[in-house]
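Notes to accompany the following structure.
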Amino acid sequence: MKLYVTNDKDEVLLPGDDEGLEITGARYNESLSVREFVIRICRRMGIEIKNFRLWGLLTFHYASRSNPTLMYYYTAEYKSGLLILPEGCEVIKWVLKEKTEELVPIEEMNQVISKINQCDYLFGGCFKIWKDETTQKRKSKIIEPFCRLN
């Protein structure tokens, strides 16, 4: 589950480390409601949100896994709070929307961010993810283009 949080300065909240930033998220495998789970993600970062919405429902086919992963991308607006560095992160900061591509090293995440910024509806799509045998770098390819789901 991913949460794309924006503020009134046209910025996006991105945690990360020295390898790059990304949209915050966590594996949803607990007996909490979706809303409670998102509130927990926000508490980890010291914030409260408003206008929480499901924005993207994407399928990821990883070459290293037998089953696909379904990713839920939610959007929300920052309401209040002072940023807290989440466990496992070295940095958390607000980044101008147009600067995210420079700071997020994950190609498909940048494509999803771009789609979130362009549309006002729930969308879907599908990616194939693998490691390049020569460079060992993560690679991705859209295998089902973004489409409107509502």
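Within each chain, counting starts at residue 1; across the structure tokens, chains are named A, B, ... in the order shown, with ligands numbered 1 upward in that order.
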Using DSSP on the backbone coordinates, identify the residues of stretch 40-133 of chain A assigned to strand (DSSP E); present them as a ChimeraX atom specification.
/A:47-62,69-81,91-96,123-131
The selected residues should be written to file as a compact mmCIF listing (two decimals), in the first residue's frame (atoms: C-alpha atoms).
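File part34.txt, as written:
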```txt
# COMPACT_ATOMS: atom_id res chain seq x y z
CA ILE A 47 1.34 13.81 10.40
CA GLU A 48 -2.42 13.89 10.13
CA ILE A 49 -4.15 13.87 6.75
CA LYS A 50 -7.46 14.76 5.14
CA ASN A 51 -9.22 13.88 1.87
CA PHE A 52 -7.88 10.32 1.78
CA ARG A 53 -8.77 8.58 -1.53
CA LEU A 54 -7.90 5.46 -3.50
CA TRP A 55 -6.25 6.74 -6.69
CA GLY A 56 -4.44 3.81 -8.29
CA LEU A 57 -4.82 0.05 -8.33
CA LEU A 58 -1.80 -1.46 -10.06
CA THR A 59 -0.49 -4.94 -10.69
CA PHE A 60 3.25 -5.68 -10.51
CA HIS A 61 4.64 -8.89 -12.00
CA TYR A 62 8.07 -9.43 -10.44
CA THR A 69 1.61 -8.02 -6.32
CA LEU A 70 -1.42 -5.75 -6.20
CA MET A 71 -0.47 -2.22 -5.15
CA TYR A 72 -3.01 0.26 -3.82
CA TYR A 73 -2.00 3.91 -4.29
CA TYR A 74 -3.87 6.32 -2.05
CA THR A 75 -3.69 10.09 -2.07
CA ALA A 76 -4.21 12.46 0.83
CA GLU A 77 -3.66 16.05 1.80
CA TYR A 78 -1.49 17.09 4.73
CA LYS A 79 -3.59 18.44 7.60
CA SER A 80 -1.14 18.95 10.47
CA GLY A 81 1.85 17.64 12.40
CA VAL A 91 15.48 11.32 5.54
CA ILE A 92 11.92 12.57 5.13
CA LYS A 93 11.09 15.79 3.35
CA TRP A 94 8.63 17.79 1.32
CA VAL A 95 9.59 17.92 -2.36
CA LEU A 96 8.07 20.04 -5.12
CA PHE A 123 -6.73 4.27 -12.54
CA GLY A 124 -5.18 0.86 -13.06
CA GLY A 125 -2.30 -0.61 -15.01
CA CYS A 126 0.27 -3.36 -14.94
CA PHE A 127 4.08 -3.46 -14.80
CA LYS A 128 6.67 -6.17 -15.28
CA ILE A 129 9.68 -5.79 -12.94
CA TRP A 130 13.02 -7.56 -13.30
CA LYS A 131 16.76 -7.17 -12.69
```
If we count only C-alpha atoms, what is near A:Gln111 at a cut-off of 12 Å, once residues fewer than 2 positions away on the same chain are taken out, given as an MDAnalysis selection string?
chainID A and resid 56 58 100:101 104:109 113:118 125:127 140:142 145:146
So, counting only C-alpha atoms, which residue among A:Arg148, A:Lys97, A:Arg44, A:Arg65 is closest to A:Ile84?
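Ranking A:Arg148, A:Lys97, A:Arg44, A:Arg65 by distance to A:Ile84, first place goes to A:Arg44.
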Pick out each residue of stretch 99-141 of chain A that DSSP on the backbone tags as helix (DSSP H, G or I); I need them as a ChimeraX atom specification.
/A:99-103,107-118
Between A:Gly25, A:Asn67, A:Lys99, A:Ile39, smallest distance to A:Val12 by only C-alpha atoms belongs to A:Lys99
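Of note, atom CA of A:Leu82 and atom CA of A:Gly46 are spaced 5.5 Å apart.
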Selected residue of minimal separation from A:Phe37 among A:Val112, A:Leu3, A:Leu21, A:Ile143, counting only C-alpha atoms
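Residue with the minimum atom-to-atom distance to A:Phe37: A:Leu3.
Atom CA of A:Lys9 lies 24.9 Å from atom CA of A:Arg35.
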So what do you get for atom CA of A:Asn7 versus atom CA of A:Cys89, distance-wise?
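Calculated distance between atom CA of A:Asn7 and atom CA of A:Cys89 is 20.7 Å.
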Taking only C-alpha atoms into account, which of A:Ser66, A:Tyr4, A:Asp10, A:Gly20 comes nearest A:Cys42?
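Distance minimum relative to A:Cys42 lands on A:Tyr4.
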